[in-house]
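Data from query10.txt: compact mmCIF, C-alpha atoms
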```txt
# COMPACT_ATOMS: atom_id res chain seq x y z
CA GLY A 1 3.56 -34.14 11.77
CA ALA A 2 3.09 -32.46 8.42
CA ALA A 3 6.04 -32.36 6.07
CA LYS A 4 8.04 -29.21 6.38
CA GLY A 5 9.64 -27.26 3.57
CA PRO A 6 13.10 -25.75 3.57
CA CYS A 7 13.93 -23.03 6.03
CA PRO A 8 12.11 -19.84 4.88
CA PHE A 9 14.02 -16.92 3.38
CA ALA A 10 16.45 -19.11 1.43
CA GLY A 11 16.71 -20.17 -2.20
CA ALA A 12 16.19 -18.26 -5.41
CA ALA A 13 13.50 -17.37 -7.92
CA ALA A 14 13.88 -16.41 -11.55
CA PRO A 15 13.78 -12.65 -12.19
CA THR A 16 11.17 -11.08 -14.42
CA ASP A 17 10.69 -7.70 -16.10
CA GLU A 18 6.94 -7.68 -15.47
CA SER A 19 7.27 -5.59 -12.33
CA ALA A 20 8.29 -2.59 -14.46
CA ALA A 21 4.59 -1.79 -14.82
CA LEU A 22 4.39 -1.09 -11.11
CA TRP A 23 7.92 -0.19 -10.02
CA ALA A 24 9.48 1.72 -12.93
CA VAL A 25 11.70 4.50 -11.57
CA ASP A 26 11.28 8.11 -12.69
CA GLY A 27 11.19 11.62 -11.31
CA ASP A 28 7.43 11.50 -10.72
CA HIS A 29 7.24 8.33 -8.63
CA GLY A 30 10.79 7.76 -7.39
CA PHE A 31 10.91 4.35 -5.73
CA LEU A 32 7.22 4.32 -4.81
CA PRO A 33 4.70 2.07 -6.58
CA ARG A 34 3.14 3.73 -9.60
CA SER A 35 -0.38 2.96 -8.37
CA PRO A 36 -1.87 2.53 -4.88
CA PRO A 37 -1.40 -0.97 -3.42
CA ALA A 38 -4.22 -3.48 -3.74
CA ASP A 39 -6.96 -3.23 -1.12
CA TRP A 40 -8.35 -6.65 -0.18
CA ARG A 41 -10.79 -5.49 2.47
CA THR A 42 -13.73 -6.08 0.12
CA SER A 43 -12.27 -9.12 -1.64
CA ARG A 44 -14.23 -12.39 -1.74
CA GLU A 45 -11.35 -14.56 -2.97
CA PRO A 46 -11.06 -17.34 -0.32
CA LEU A 47 -7.27 -17.57 -0.55
CA PHE A 48 -6.86 -13.81 -0.16
CA LEU A 49 -9.13 -13.91 2.89
CA CYS A 50 -7.17 -16.82 4.38
CA VAL A 51 -3.78 -15.13 4.02
CA SER A 52 -5.18 -11.78 5.22
CA ARG A 53 -6.68 -13.42 8.30
CA LEU A 54 -3.39 -15.07 9.25
CA ALA A 55 -1.43 -11.84 8.72
CA LYS A 56 -3.93 -9.93 10.84
CA ALA A 57 -3.56 -12.51 13.63
CA VAL A 58 0.24 -12.13 13.87
CA PRO A 59 0.44 -9.46 16.62
CA PHE A 60 -2.00 -11.23 18.92
CA ALA A 61 -1.42 -14.93 18.23
CA CYS A 62 2.35 -14.53 18.57
CA ALA A 63 1.88 -13.26 22.10
CA THR A 64 1.19 -16.84 23.25
CA ARG A 65 3.77 -19.46 22.40
CA GLY A 66 2.67 -21.88 19.72
CA THR A 67 -0.68 -20.24 18.99
CA PHE A 68 0.26 -18.62 15.70
CA ARG A 69 2.03 -21.71 14.41
CA SER A 70 -1.03 -23.81 15.18
CA LEU A 71 -3.19 -21.41 13.15
CA VAL A 72 -0.84 -21.62 10.16
CA ASP A 73 -0.52 -25.40 10.42
CA ALA A 74 -4.31 -25.74 10.39
CA ASP A 75 -4.61 -23.65 7.21
CA ALA A 76 -1.47 -24.95 5.51
CA PRO A 77 -3.29 -27.41 3.15
CA LYS A 78 -5.22 -24.48 1.65
CA PHE A 79 -1.94 -22.96 0.44
CA ALA A 80 -1.51 -25.81 -2.04
CA ALA A 81 -3.96 -23.92 -4.26
CA ILE A 82 -1.49 -21.02 -4.52
CA ASP A 83 0.42 -22.73 -7.30
CA ARG A 84 2.12 -21.32 -10.40
CA ASN A 85 -1.12 -21.25 -12.40
CA PHE A 86 -2.99 -19.38 -9.66
CA VAL A 87 -0.19 -16.85 -9.21
CA ALA A 88 0.22 -16.37 -12.98
CA GLY A 89 -3.44 -15.32 -13.23
CA LEU A 90 -3.22 -12.63 -10.57
CA ARG A 91 -3.10 -8.93 -11.24
CA LEU A 92 0.36 -7.61 -10.50
CA VAL A 93 -0.93 -5.53 -7.58
CA ASP A 94 -2.57 -8.61 -6.06
CA ALA A 95 0.62 -10.63 -6.48
CA GLU A 96 2.53 -7.90 -4.61
CA ARG A 97 -0.05 -7.84 -1.82
CA LEU A 98 0.05 -11.64 -1.59
CA ARG A 99 3.84 -11.66 -1.30
CA SER A 100 3.82 -8.95 1.37
CA LEU A 101 1.33 -10.80 3.55
CA LEU A 102 2.97 -14.18 2.99
CA ALA A 103 6.29 -12.67 4.05
CA PHE A 104 4.74 -11.45 7.32
CA VAL A 105 3.15 -14.85 7.94
CA ALA A 106 6.41 -16.66 7.16
CA ALA A 107 8.54 -14.41 9.36
CA ALA A 108 6.10 -14.71 12.25
CA TYR A 109 5.92 -18.50 11.91
CA ALA A 110 9.70 -18.80 11.80
CA ARG A 111 10.51 -16.42 14.63
CA CYS A 112 7.44 -15.78 16.76
CA ASP A 113 9.33 -16.98 19.85
CA GLY A 114 11.01 -13.58 19.79
CA ALA A 115 7.75 -11.63 20.03
CA ALA A 116 7.95 -11.15 23.79
CA ALA A 117 9.66 -7.98 24.97
CA SER A 118 12.13 -10.18 26.91
CA PRO A 119 12.18 -13.56 25.15
CA ARG A 120 13.58 -16.52 27.03
CA PRO A 121 17.20 -17.46 26.22
CA GLY A 122 17.48 -20.16 23.60
CA THR A 123 14.04 -19.61 22.07
CA LEU A 124 15.07 -17.45 19.13
CA GLY A 125 15.61 -19.20 15.83
CA ASP A 126 14.00 -20.16 12.55
CA ARG A 127 11.21 -22.73 12.40
CA ARG A 128 10.69 -24.37 9.02
CA LEU A 129 7.48 -23.48 7.23
CA PRO A 130 4.87 -26.04 6.26
CA ALA A 131 5.75 -27.22 2.76
CA ASP A 132 2.63 -25.77 1.08
CA VAL A 133 3.19 -22.33 2.65
CA TYR A 134 6.83 -22.33 1.60
CA ALA A 135 5.88 -23.35 -1.95
CA ALA A 136 3.27 -20.56 -2.16
CA LEU A 137 5.85 -18.00 -1.10
CA GLY A 138 8.20 -19.37 -3.75
CA HIS A 139 5.64 -19.18 -6.55
CA VAL A 140 4.73 -15.55 -5.89
CA SER A 141 8.40 -14.63 -5.43
CA GLU A 142 9.15 -16.16 -8.82
CA ARG A 143 6.30 -14.23 -10.43
CA LEU A 144 7.62 -10.94 -9.02
CA GLY A 145 11.31 -11.55 -9.76
CA ARG A 146 12.44 -11.47 -6.11
CA PRO A 147 15.31 -13.99 -6.09
CA ARG A 148 15.31 -14.49 -2.32
CA LYS A 149 12.29 -15.80 -0.45
CA LYS A 150 12.60 -13.54 2.57
CA MET A 151 11.02 -10.47 4.08
CA CYS A 152 12.10 -7.46 2.02
CA TYR A 153 11.71 -3.70 2.26
CA ALA A 154 8.90 -3.65 -0.31
CA ASP A 155 6.92 -6.10 1.82
CA CYS A 156 7.06 -4.13 5.06
CA VAL A 157 7.39 -0.52 3.84
CA LEU A 158 6.79 0.19 0.16
CA TYR A 159 3.77 -2.09 -0.28
CA ASN A 160 2.41 -2.58 3.23
CA TRP A 161 -0.32 0.04 2.85
CA THR A 162 -3.68 0.96 1.46
CA ASP A 163 -4.36 4.51 0.33
CA GLU A 164 -7.45 5.58 2.23
CA SER A 165 -8.53 8.12 -0.40
CA ALA A 166 -7.29 6.24 -3.50
CA ALA A 167 -5.95 9.63 -4.59
CA GLY A 168 -2.93 8.54 -6.55
CA HIS A 169 0.66 7.89 -5.58
CA TRP A 170 2.25 9.06 -2.36
CA ALA A 171 5.01 11.32 -3.57
CA GLU A 172 6.01 14.16 -1.28
CA GLY A 173 3.85 17.19 -1.85
CA THR A 174 0.98 15.40 -3.62
CA ARG A 175 -2.52 15.30 -2.26
CA GLY A 176 -2.61 11.54 -1.74
CA GLY A 177 -4.71 10.21 1.12
CA ALA A 178 -3.56 8.85 4.45
CA ALA A 179 -1.67 5.58 4.17
CA SER A 180 -3.11 2.84 6.37
CA LEU A 181 -0.90 -0.02 7.59
CA VAL A 182 -1.96 -3.49 6.42
CA ALA A 183 0.30 -5.93 8.29
CA ARG A 184 2.33 -5.64 11.46
CA PHE A 185 4.25 -7.83 13.90
CA LEU A 186 3.45 -6.09 17.20
CA ALA A 187 0.17 -4.81 18.60
CA VAL A 188 1.60 -1.40 19.48
CA SER A 189 1.10 1.99 17.89
CA GLU A 190 4.85 2.64 17.87
CA GLU A 191 5.32 0.01 15.16
CA ASP A 192 2.80 1.76 12.92
CA ALA A 193 4.58 5.05 13.55
CA PHE A 194 7.94 3.51 12.70
CA TRP A 195 6.88 2.03 9.34
CA LYS A 196 5.15 5.31 8.47
CA LEU A 197 8.39 7.11 9.31
CA LEU A 198 10.21 5.05 6.67
CA LEU A 199 7.42 5.59 4.16
CA ALA A 200 7.71 9.34 4.74
CA VAL A 201 11.37 9.10 3.79
CA GLU A 202 10.52 7.15 0.63
CA ARG A 203 8.03 9.87 -0.30
CA THR A 204 11.01 12.14 -0.89
CA SER A 205 12.46 9.71 -3.45
CA PRO A 206 10.83 11.36 -6.50
CA ARG A 207 12.87 14.51 -5.81
CA ILE A 208 16.02 12.44 -5.31
CA VAL A 209 15.53 10.45 -8.52
CA ALA A 210 14.67 13.59 -10.52
CA ALA A 211 17.89 15.26 -9.34
CA ILE A 212 19.95 12.18 -10.23
CA LEU A 213 18.42 12.01 -13.71
CA ARG A 214 19.08 15.72 -14.30
CA GLY A 215 22.63 15.30 -13.12
CA ARG A 216 23.26 12.37 -15.46
CA GLU A 217 21.90 14.32 -18.40
CA ALA A 218 24.10 17.30 -17.54
CA MET A 219 27.16 15.05 -17.40
CA ARG A 220 26.24 13.52 -20.75
CA LEU A 221 26.21 17.04 -22.22
CA ARG A 222 29.42 17.98 -20.37
CA ALA A 223 27.49 20.82 -18.73
CA ALA A 224 29.17 21.63 -15.43
CA ASP A 225 26.64 24.31 -14.59
CA GLY A 226 23.78 21.86 -15.13
CA LEU A 227 25.48 19.33 -12.87
CA GLY A 228 25.94 21.96 -10.18
CA ALA A 229 22.23 22.76 -10.29
CA ALA A 230 21.30 19.06 -10.14
CA LEU A 231 23.61 18.49 -7.19
CA GLY A 232 21.97 21.44 -5.45
CA ASP A 233 18.57 19.83 -6.01
CA LEU A 234 19.88 16.52 -4.69
CA ARG A 235 21.31 18.18 -1.60
CA ALA A 236 17.92 19.78 -0.88
CA ALA A 237 16.11 16.46 -1.46
CA LEU A 238 18.48 14.63 0.89
CA ARG A 239 17.85 17.26 3.53
CA ALA A 240 14.11 16.67 3.10
CA ALA A 241 14.71 12.93 3.59
CA SER A 242 16.59 13.63 6.83
CA GLU A 243 13.85 15.94 8.05
CA ALA A 244 11.22 13.30 7.26
CA HIS A 245 13.03 10.78 9.47
CA VAL A 246 12.21 12.29 12.83
CA PHE A 247 11.20 10.24 15.85
CA ARG A 248 8.30 11.66 17.75
CA PRO A 249 9.30 13.77 20.79
CA GLY A 250 9.16 12.45 24.32
CA PRO A 251 8.26 8.90 25.40
CA ALA A 252 6.61 8.08 22.07
CA GLY A 253 9.90 8.53 20.22
CA ARG A 254 11.72 6.37 22.73
CA GLY A 255 9.07 3.72 22.23
CA GLU A 256 9.74 3.67 18.49
CA ARG A 257 13.43 3.00 19.16
CA VAL A 258 12.52 0.11 21.46
CA VAL A 259 10.15 -1.27 18.81
CA MET A 260 13.00 -1.33 16.30
CA ARG A 261 14.86 -3.78 18.52
CA ARG A 262 11.77 -5.96 18.98
CA LEU A 263 11.21 -6.06 15.23
CA ARG A 264 14.74 -7.35 14.76
CA HIS A 265 13.65 -10.77 16.04
CA PHE A 266 11.15 -11.09 13.21
CA LEU A 267 13.36 -9.70 10.46
CA PHE A 268 16.54 -11.68 11.15
CA PRO A 269 17.54 -15.17 12.25
CA ALA A 270 18.80 -15.77 15.76
CA GLY A 271 21.92 -13.74 16.38
CA GLY A 272 20.85 -10.75 14.28
CA THR A 273 22.23 -7.47 15.60
CA ASP A 274 21.18 -3.83 15.65
CA ALA A 275 23.74 -3.25 12.89
CA ASP A 276 21.98 -5.87 10.75
CA LEU A 277 18.67 -4.10 11.30
CA ALA A 278 20.12 -0.69 10.43
CA ALA A 279 21.72 -2.07 7.26
CA PHE A 280 18.41 -3.63 6.19
CA LEU A 281 16.39 -0.49 6.83
CA TYR A 282 18.76 2.16 5.51
CA THR A 283 21.41 0.77 3.17
CA GLY A 284 19.87 -2.46 1.98
CA ASP A 285 16.59 -3.24 0.24
CA SER A 286 15.64 0.42 -0.14
CA ALA A 287 17.24 1.78 -3.30
CA LEU A 288 17.23 5.36 -2.04
CA LEU A 289 20.62 5.54 -0.34
CA PRO A 290 22.43 3.08 -2.66
CA ALA A 291 21.35 5.17 -5.65
CA CYS A 292 22.68 8.36 -4.06
CA TRP A 293 26.00 6.78 -3.11
CA LYS A 294 26.53 5.37 -6.60
CA PHE A 295 25.50 8.54 -8.43
CA LEU A 296 27.87 10.60 -6.33
CA GLY A 297 30.65 8.03 -6.66
CA ALA A 298 31.21 7.87 -2.91
CA PRO A 299 33.55 5.11 -1.73
CA ARG A 300 32.14 1.63 -1.23
CA ALA A 301 32.31 -0.14 2.08
CA PRO A 302 35.50 -2.22 2.43
CA PRO A 303 35.37 -5.41 0.30
CA GLY A 304 34.32 -8.36 2.38
CA SER A 305 32.79 -6.20 5.11
CA ASP A 306 29.42 -7.12 6.60
CA LEU A 307 27.96 -3.83 5.39
CA GLN A 308 28.97 -4.37 1.77
CA ALA A 309 27.80 -7.99 1.91
CA THR A 310 24.40 -6.77 3.14
CA ARG A 311 24.20 -4.21 0.34
CA ASP A 312 25.10 -6.77 -2.32
CA ALA A 313 22.59 -9.32 -1.00
CA ALA A 314 19.83 -6.70 -0.71
CA ARG A 315 19.92 -5.98 -4.42
CA ARG A 316 18.31 -9.38 -4.96
CA THR A 317 15.28 -8.43 -2.88
CA MET A 318 14.60 -5.04 -4.50
CA PRO A 319 11.87 -4.76 -7.13
CA GLY A 320 13.55 -5.39 -10.48
CA PRO A 321 13.33 -1.81 -11.80
CA HIS A 322 14.91 -0.50 -8.57
CA ARG A 323 17.77 -2.96 -8.97
CA ASP A 324 18.20 -1.97 -12.62
CA PHE A 325 18.27 1.73 -11.74
CA VAL A 326 20.96 1.24 -9.09
CA ASP A 327 22.98 -0.97 -11.46
CA SER A 328 22.81 1.71 -14.16
CA LEU A 329 24.75 4.11 -11.94
CA ASP A 330 28.35 3.34 -12.81
CA ALA A 331 31.39 4.58 -10.90
CA LYS A 332 33.08 5.65 -14.15
CA THR A 333 30.20 8.01 -14.94
CA SER A 334 29.58 9.20 -11.39
CA ALA A 335 29.54 12.84 -10.32
CA ARG A 336 32.88 12.32 -8.58
CA SER A 337 34.51 11.07 -11.77
CA PHE A 338 33.02 13.99 -13.69
CA VAL A 339 34.28 16.54 -11.14
CA LEU A 340 37.78 15.07 -11.17
CA GLY A 341 37.75 15.01 -14.96
CA LEU A 342 36.75 18.66 -15.15
CA THR A 343 39.39 19.86 -12.73
CA SER A 344 42.19 17.97 -14.45
CA GLU A 345 41.21 18.05 -18.14
CA ASP A 346 38.40 20.44 -19.01
CA ARG A 347 39.66 24.00 -18.41
CA ARG A 348 36.88 25.59 -20.47
CA ALA A 349 34.45 25.65 -17.56
CA PRO A 350 34.53 28.90 -15.54
CA VAL A 351 36.27 28.65 -12.21
CA HIS A 352 33.10 29.78 -10.42
CA THR A 353 31.12 26.96 -12.07
CA LEU A 354 33.63 24.36 -10.92
CA ALA A 355 33.54 25.82 -7.41
CA VAL A 356 29.74 25.51 -7.33
CA VAL A 357 29.90 21.89 -8.53
CA GLU A 358 32.43 20.95 -5.88
CA ALA A 359 30.58 22.80 -3.13
CA GLU A 360 27.26 21.17 -4.00
CA TYR A 361 28.93 17.75 -4.29
CA ASN A 362 30.41 18.12 -0.81
CA GLY A 363 27.03 19.37 0.41
CA CYS A 364 25.42 16.15 -0.83
CA LEU A 365 27.98 14.10 1.07
CA ASP A 366 27.30 16.16 4.18
CA GLU A 367 23.55 15.54 3.88
CA LEU A 368 24.12 11.81 3.39
CA GLY A 369 26.26 11.79 6.51
CA ARG A 370 23.58 13.69 8.38
CA TYR A 371 20.97 11.16 7.34
```
What would the structure in this file look like if it were written as C-alpha cells?
Amino acid sequence: GAAKGPCPFAGAAAPTDESAALWAVDGDHGFLPRSPPADWRTSREPLFLCVSRLAKAVPFACATRGTFRSLVDADAPKFAAIDRNFVAGLRLVDAERLRSLLAFVAAAYARCDGAAASPRPGTLGDRRLPADVYAALGHVSERLGRPRKKMCYADCVLYNWTDESAAGHWAEGTRGGAASLVARFLAVSEEDAFWKLLLAVERTSPRIVAAILRGREAMRLRAADGLGAALGDLRAALRAASEAHVFRPGPAGRGERVVMRRLRHFLFPAGGTDADLAAFLYTGDSALLPACWKFLGAPRAPPGSDLQATRDAARRTMPGPHRDFVDSLDAKTSARSFVLGLTSEDRRAPVHTLAVVEAEYNGCLDELGRY
C-alpha cells in the first residue's frame, strides 16, 4: 500500500507571530477571530475543493467501515501540492480554513471506526495518515504557529463557521449574521447545536477580556475601587457565559449530551474518557477559562494531575495571541495577590472599598464554579 506518515496529532511546528492579524486579543473581539472566517463555497481552487469535499463527506462516509479512508487514500496524491510554498502564499484566513478542514479529515481518517453509536470492541484507535496528507497538515500547522498537529478548539469551534451575512465579528450583542457550521463528524442536528452552544459562550469573551484588561490597569494604578468595578464586570460576564451554555430542553438537550460522548471517539485516541473531553472543551484549548483563572489568581490544579497536564498541553494548540495573553497573566500580579497586598499593607483604601473588592472577587469565583 501507499506509504504512511507518522501517527496524526503528534510532532511540533515552529510558532509564528503572523496570526496576530487575525487572533489579537482585545475588549472588542475577545478570543474570536477579528474577521469572519473564509468562505470557500464559491472558490475555484482545486485543492480547496478537494479538501472541502472530503470534509463534507465525513458524516456519511464514516457510517460505513472503510469508505472514508478509501476516499482519502484515492485523493492522497493531490495533497503533495499543499507544500510549504503553496501554504506560504495563502491568505491567513484561507490557511486557517485549510487547517480546520484538514484536522477534521485527519481525525475522521484516524478514528472513523468509532463513528457508530455502539462501536465494536477493539475497533477504536488511531490509523496513520497517508504521508502526503500528514505533510500537508504539518505545513499549514507550521504556517499558523500551532505546535501540535492535532484537532484543536479553533478548528472545531472558533473557526468552523461562515458568517451568513458577512456582518462583522460575532461578539455578544453585535448584529452579526447567523453562523453556519462548515465541518462536522456526525450527520445529526444535535452536533450542530452543540458546537453552536460553545460558540455562544465564546461570544461573551469580549466582555470577559475587557473586564480583565480594566482590572489589570486598575491594579497598575493601585486603584482598589477600579479593581472592584472591573471584578463586578467580570462577574457579570461570567454569568453571561454560564447562561449562554444551556442545553436545549427536553429530548433535544439529552441528544446533545449523547453527541458529546460520540464526538469523543473522534477527538481522542482509544481510551479517551469523558473527563478528557470536558478538559478539552472547557479548560483546554479555549483561552476563556484559563485567562479568568490566572487573572483571579485561583489555585492551579495539583502538579502532575491529568487536568493540569491537559491545560499545559492545550496552550500549544491555541492561536499564538491567545497563548500570549494567557501567559501575560502572572500569579504575582493577579487580583488575589493584589487583594492580599491591600489588606495587609495598603491601609489607605477605605474599608468599604476593600469589602467591595473582596465580595466581587468571591463572586467571580462563584460564577466560575457555576460554569
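Comparing A:Ser242, A:Glu190, A:Ser205, A:Pro319 by their smallest distance to Arg261 (chain A), the closest is A:Glu190 (using all atoms listed in the file).
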Inset, instruction - Pull the neighbourhood of (18.3, 18.5, -3.0) for me: all residues within 12 Å in file coordinates, counting only C-alpha atoms, as a ChimeraX atom specification. - result: /A:204-212,214-215,228-242,292,360-361,363-368
Inset, instruction - Counting only C-alpha atoms, figure out which residue out of A:Gly297, A:Glu217, A:Pro350, A:Val157 gets nearest to Ala193 (chain A). - result: A:Val157
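Considering the residues A:Thr67, A:Ser189, A:Ser141, A:Ser52 and counting only C-alpha atoms, Ala95 (chain A) has its shortest atom-to-atom contact with A:Ser141.
When only C-alpha atoms are used to compute distances to Leu49 (chain A), the closest of the residues A:Ala224, A:Leu71, A:Leu101, A:Leu32 turns out to be A:Leu101.
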Legend entry - Who sits within 9 Å of region 55-58 of chain A, only C-alpha atoms, same chain under 4 positions skipped, as a ChimeraX atom specification: /A:50-51,62-63,68,71,101-102,104-105,108-109,112,182-187
Legend entry - Given only C-alpha atoms as the counted atoms, nearest of A:Ala80, A:Met151, A:Asn85, A:Val140 to Ala110 (chain A):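 Checking each of A:Ala80, A:Met151, A:Asn85, A:Val140 against Ala110 (chain A), counting only C-alpha atoms, the winner is A:Met151.
CA of Tyr153 (chain A) lies 14.9 Å from CA of Glu191 (chain A).
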Inset, instruction - Between CA of Leu342 (chain A) and CA of Val326 (chain A), measure the distance and give it in Å to one decimal. - result: 24.3 Å
Inset, instruction - Name the closest residue to Arg264 (chain A) among the candidates A:Arg111, A:Arg91, A:Arg316, A:Arg222; distances are taken between atoms, counting all atoms listed in the file. - result: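 The answer is A:Arg111, which sits nearest to Arg264 (chain A).
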Legend entry - Shell around Leu47 (chain A) at 12 Å using all atoms listed in the file, local window under 5 positions removed, as number ranges by chain: A: 40, 52-54, 75-83, 86-87, 90, 94, 98, 101-102, 133, 136
